[in-house]
Amino acid sequence: MAMPVVSPLLAPARARRQVWSLGGGKGGIGKSLLTASLGWQLARMGKRVVLVDADLGGANLHTCLGLAAPERTLGDFIQRRVERIEDVLVETPVPGLRLVSGASDFLGAANIKHPQKVRVLNKVRSLDVDVVLLDLGAGTSFNIIDFFLVSEVSLLTVVPEPTSIENGYRFIKSALYRRLRASAEREAVRQIIDSALDPKNPLGIRTPFDLIARVEKEDPAAAEELKKEIAGFKPQFIVNQVRSAGDVTVGHQLVSACLRHLGIRASYAGYVHYDDTVWQAVRRRKLFMADAPTSIAAEEIRQLARGLLKGESLSLPW
Amino acid sequence: MVDPDSARLASELAAHGTDASPLEAVLDPLPEDRERPPRLTVYPEPDAPPPLARLEGELGAEVEPFGAEAGLADAFGAAPNDTLYEALGVSPQASKEQIEKAYRFCLDMYKEGALATYSLIEAGDAEAVRRRISVAHETLCDPRRRREYDLGLGLVPTEPTDHRFLAGESERTAPSPSSTTAPLPEGPLSGAELRRIRESRGVALREIAVSSKIGLRFLEYIEEDRFALLPPAVYLRGFLLEYARALGLEPRRAADSYMSRLGSRG
């Protein structure tokens, strides 16, 4: 019954499990609600879904779902109080939807070490489900960016406010440079990339275009590799809390700007209107998808889920 | 504009030895991936990397003056070699209606206080982009001026009834990561070399002329190295980029290589 998910955005080998992650840099813009509602919808569509609250130190997924704070959390797995991630999976009222709750009680959770991060990701990626949805939380730390980069579907959430847009670009540039640095084999190239992270770097590198040009002088083959890495980086924007047609257009403009100024081939997954029913449901400790299924937000989440499963995105109308 | 997060990231990268290792490298292969060869990865040295070498600050990016068009000699936001079509994000075959829509879209994107480009580009660059968009709109929406512009670029002017639908964004401003990009031969590229590559791929010159809208004679001049008959460098480079793309060569390198033989011309 669970059909393999095929998307033109993915490498052909991956016909089964997909990891989707939601980042965005800014806090409080609705990533947890988006994660919860997308997960809910996918499960209702017959997918086997695991939600992972990777917002270490700020876990909210259980609250968005209207669940009490689970006893077993990601923190237990990280601290090795349990060995298998399956042991911290929590059932939800929705068949097919399970949760790995964040370690909200673990003070050091926001600073997990690299080997712990690797262990979490390995286990998450090996879960026998159709979709794993990672709520990455706010910020641009390595933990968040690395989770974002190893996902099949990397969703960058913004709201139509300058603070969020600013954080979004910061996030996307950080992710790109991290990806480039990880792919660079030579120390000399890595140093150029490191230098590029500082906007006042002595090389005058302001954009990824400048970076490629600079690396090309040092090592043309390495520059080709970097170009391929950039081409392979395909974040998808979700514009949340839309209130006007202009807000919807912001998504298209972000895609265009990313291409023109960063050389990044982003796409526009979709948008969700600001909807009072959403926060009202949260106040009542319910998920709006179940509580207000005819709301605009719920309809748009359904469209978003369908589009993401098909690997389709919004394109400019001309 | 100071970006404390970027500076912090830079110092984190310098300090965090093993934390900077690529995740893909250390993750277990998925069951379905086990037959595939492992991805080549590199682990950083355990010690902190040496301080960044002080390299001379030469930008190295090409900035060719467009001179002829409204005296715009400054760089404008995106890749400096934009044609007016690329500035609007449309193809040379775009209809007037598409150009109008693209113009309004771009204007909205780069206006003062625009949301979508906030923090991405500086005020001076946005201003330059706005000027360029304006010039593009005025030129391309006037049939006579558009025709002249097209001829100047060596394009076959678009017929008024041509309303082919075009996919949104031009890809010119991004690096061209074609998976079929072929390596270039060693040394500066000659016209004869280009012709040899073209013929070995079974591509007729006429095909390139039709798909790129570059006049056939210009393509012949390129292959024949008839430098005296080639257009000024800024247009020639555009032709070479198109020509290279049509053959699956890496466009910028091919164009640079050919043009390096022209010396101080143009």
# chains A, B, ... in the order shown; residues from 1 in each chain; ligands from 1

call {"tool": "residues_around", "arguments": {"residues": "A:Tyr271", "least_positions_apart": "4", "cutoff": "6 Å", "atoms": "only C-alpha atoms", "output": "ChimeraX atom specification"}}
result
/A:238-240

call {"tool": "residues_around", "arguments": {"residues": "A:Arg243", "least_positions_apart": "5", "cutoff": "10 Å", "atoms": "only C-alpha atoms", "output": "PDB file with N, CA, C and O atoms, in the first residue's frame"}}
result
ATOM      1  N   VAL A 159       9.500  33.325   6.593  1.00  0.00           N
ATOM      2  CA  VAL A 159       8.261  34.104   6.616  1.00  0.00           C
ATOM      3  C   VAL A 159       8.575  35.427   5.937  1.00  0.00           C
ATOM      4  O   VAL A 159       9.740  35.823   5.874  1.00  0.00           O
ATOM      5  N   PRO A 160       7.557  36.119   5.416  1.00  0.00           N
ATOM      6  CA  PRO A 160       7.833  37.342   4.652  1.00  0.00           C
ATOM      7  C   PRO A 160       8.180  38.534   5.543  1.00  0.00           C
ATOM      8  O   PRO A 160       7.483  39.541   5.558  1.00  0.00           O
ATOM      9  N   VAL A 248       3.385  35.706  -1.564  1.00  0.00           N
ATOM     10  CA  VAL A 248       3.547  34.474  -2.352  1.00  0.00           C
ATOM     11  C   VAL A 248       4.676  34.652  -3.368  1.00  0.00           C
ATOM     12  O   VAL A 248       5.502  33.763  -3.567  1.00  0.00           O
ATOM     13  N   VAL A 272       2.234  28.705   2.752  1.00  0.00           N
ATOM     14  CA  VAL A 272       1.092  28.469   3.638  1.00  0.00           C
ATOM     15  C   VAL A 272       0.636  29.814   4.185  1.00  0.00           C
ATOM     16  O   VAL A 272       1.452  30.584   4.702  1.00  0.00           O
ATOM     17  N   HIS A 273      -0.640  30.074   4.073  1.00  0.00           N
ATOM     18  CA  HIS A 273      -1.168  31.338   4.559  1.00  0.00           C
ATOM     19  C   HIS A 273      -1.145  31.420   6.077  1.00  0.00           C
ATOM     20  O   HIS A 273      -1.293  30.408   6.770  1.00  0.00           O
ATOM     21  N   TYR A 274      -0.978  32.642   6.552  1.00  0.00           N
ATOM     22  CA  TYR A 274      -1.196  32.885   7.974  1.00  0.00           C
ATOM     23  C   TYR A 274      -2.659  32.576   8.258  1.00  0.00           C
ATOM     24  O   TYR A 274      -3.547  33.041   7.557  1.00  0.00           O
ATOM     25  N   ASP A 275      -2.886  31.782   9.256  1.00  0.00           N
ATOM     26  CA  ASP A 275      -4.257  31.321   9.501  1.00  0.00           C
ATOM     27  C   ASP A 275      -4.479  31.266  11.010  1.00  0.00           C
ATOM     28  O   ASP A 275      -3.779  30.554  11.719  1.00  0.00           O
TER      29      ASP A 275
END

call {"tool": "closest_residue", "arguments": {"among": "B:Glu122, B:Asp108, B:Glu100, B:Asp82", "to": "B:Glu138", "atoms": "only C-alpha atoms"}}
result
B:Glu100

call {"tool": "select_by_dssp", "arguments": {"residues": "stretch 6-62 of chain A", "states": "strand (DSSP E)", "output": "compact mmCIF listing (two decimals) with all heavy atoms, in the first residue's frame"}}
result
# COMPACT_ATOMS: atom_id res chain seq x y z
N GLN A 18 13.03 8.42 2.46
CA GLN A 18 13.56 9.75 2.23
C GLN A 18 13.69 10.45 3.57
O GLN A 18 12.86 10.28 4.45
CB GLN A 18 12.62 10.58 1.37
CG GLN A 18 12.52 10.11 -0.05
CD GLN A 18 11.63 11.04 -0.84
OE1 GLN A 18 11.61 12.24 -0.61
NE2 GLN A 18 10.88 10.48 -1.76
N VAL A 19 14.72 11.26 3.69
CA VAL A 19 14.84 12.13 4.85
C VAL A 19 14.54 13.55 4.39
O VAL A 19 15.17 14.04 3.46
CB VAL A 19 16.25 12.05 5.48
CG1 VAL A 19 16.37 13.04 6.62
CG2 VAL A 19 16.54 10.65 5.96
N TRP A 20 13.57 14.15 5.00
CA TRP A 20 13.23 15.54 4.71
C TRP A 20 13.62 16.36 5.94
O TRP A 20 13.27 15.98 7.06
CB TRP A 20 11.74 15.73 4.48
CG TRP A 20 11.14 14.98 3.34
CD1 TRP A 20 11.74 14.03 2.55
CD2 TRP A 20 9.81 15.11 2.85
NE1 TRP A 20 10.85 13.56 1.62
CE2 TRP A 20 9.65 14.21 1.78
CE3 TRP A 20 8.71 15.90 3.23
CZ2 TRP A 20 8.48 14.08 1.07
CZ3 TRP A 20 7.54 15.77 2.52
CH2 TRP A 20 7.42 14.87 1.45
N SER A 21 14.29 17.46 5.74
CA SER A 21 14.60 18.29 6.91
C SER A 21 14.09 19.70 6.70
O SER A 21 14.04 20.20 5.57
CB SER A 21 16.11 18.31 7.18
OG SER A 21 16.79 18.86 6.10
N LEU A 22 13.70 20.31 7.80
CA LEU A 22 13.20 21.68 7.77
C LEU A 22 14.12 22.56 8.59
O LEU A 22 14.24 22.39 9.80
CB LEU A 22 11.78 21.78 8.33
CG LEU A 22 10.67 21.35 7.38
CD1 LEU A 22 10.37 19.87 7.55
CD2 LEU A 22 9.42 22.16 7.61
N GLY A 23 14.77 23.52 7.91
CA GLY A 23 15.62 24.49 8.60
C GLY A 23 15.16 25.88 8.18
O GLY A 23 14.12 26.04 7.55
N VAL A 49 5.71 7.29 8.55
CA VAL A 49 6.44 8.53 8.82
C VAL A 49 7.02 8.52 10.22
O VAL A 49 6.36 8.09 11.17
CB VAL A 49 5.51 9.76 8.68
CG1 VAL A 49 6.29 11.06 8.89
CG2 VAL A 49 4.83 9.76 7.31
N VAL A 50 8.25 9.01 10.34
CA VAL A 50 8.80 9.29 11.67
C VAL A 50 9.18 10.76 11.72
O VAL A 50 9.89 11.25 10.84
CB VAL A 50 10.04 8.42 11.99
CG1 VAL A 50 10.77 8.95 13.21
CG2 VAL A 50 9.62 6.98 12.23
N LEU A 51 8.68 11.44 12.70
CA LEU A 51 9.08 12.82 12.94
C LEU A 51 10.21 12.80 13.95
O LEU A 51 10.13 12.10 14.96
CB LEU A 51 7.93 13.63 13.54
CG LEU A 51 6.65 13.73 12.72
CD1 LEU A 51 5.59 14.52 13.50
CD2 LEU A 51 6.92 14.41 11.39
N VAL A 52 11.25 13.57 13.68
CA VAL A 52 12.36 13.65 14.62
C VAL A 52 12.54 15.09 15.04
O VAL A 52 12.75 15.97 14.20
CB VAL A 52 13.68 13.12 13.99
CG1 VAL A 52 14.83 13.26 14.99
CG2 VAL A 52 13.53 11.68 13.54
N ASP A 53 12.43 15.29 16.33
CA ASP A 53 12.62 16.65 16.84
C ASP A 53 14.10 16.87 17.07
O ASP A 53 14.62 16.59 18.14
CB ASP A 53 11.81 16.84 18.13
CG ASP A 53 11.57 18.30 18.42
OD1 ASP A 53 12.36 19.14 17.92
OD2 ASP A 53 10.60 18.63 19.12

call {"tool": "residues_around", "arguments": {"residues": "B:Ala102", "least_positions_apart": "6", "cutoff": "8 Å", "atoms": "only C-alpha atoms", "output": "JSON, numbers by chain"}}
result
{"B": [88, 89, 90]}

call {"tool": "closest_residue", "arguments": {"among": "A:Ser313, A:Gly139, A:Pro235, A:Ala290", "to": "A:Val153", "atoms": "only C-alpha atoms"}}
result
A:Pro235

call {"tool": "select_by_dssp", "arguments": {"residues": "stretch 82-256 of chain A", "states": "helix (DSSP H, G or I)", "output": "ChimeraX atom specification"}}
result
/A:85-88,109-111,114-125,142-149,162-183,187-196,208-218,220-232,245-256

call {"tool": "residues_around", "arguments": {"residues": "A:Asn167", "least_positions_apart": "5", "cutoff": "10 Å", "atoms": "only C-alpha atoms", "output": "CSV table (one decimal) with C-alpha atoms, in the first residue's frame"}}
result
chain,number,residue,atom,x,y,z
A,24,GLY,CA,15.6,28.2,8.1
A,25,GLY,CA,17.8,30.0,10.5
A,26,LYS,CA,15.1,32.0,12.2
A,27,GLY,CA,13.2,30.8,15.2
A,138,ALA,CA,16.6,27.7,14.6
A,139,GLY,CA,20.2,28.8,13.9
A,140,THR,CA,23.0,27.8,11.6
A,158,VAL,CA,11.0,31.6,5.7
A,162,PRO,CA,13.2,40.9,6.7
A,172,ILE,CA,21.7,29.0,2.8
A,173,LYS,CA,25.2,30.5,2.4
B,5,ASP,CA,27.7,34.7,12.2
B,119,SER,CA,20.7,41.4,3.1

call {"tool": "closest_residue", "arguments": {"among": "A:Lys47, A:Arg284, A:Lys310, A:Arg181", "to": "chain B", "atoms": "only C-alpha atoms"}}
result
A:Arg181
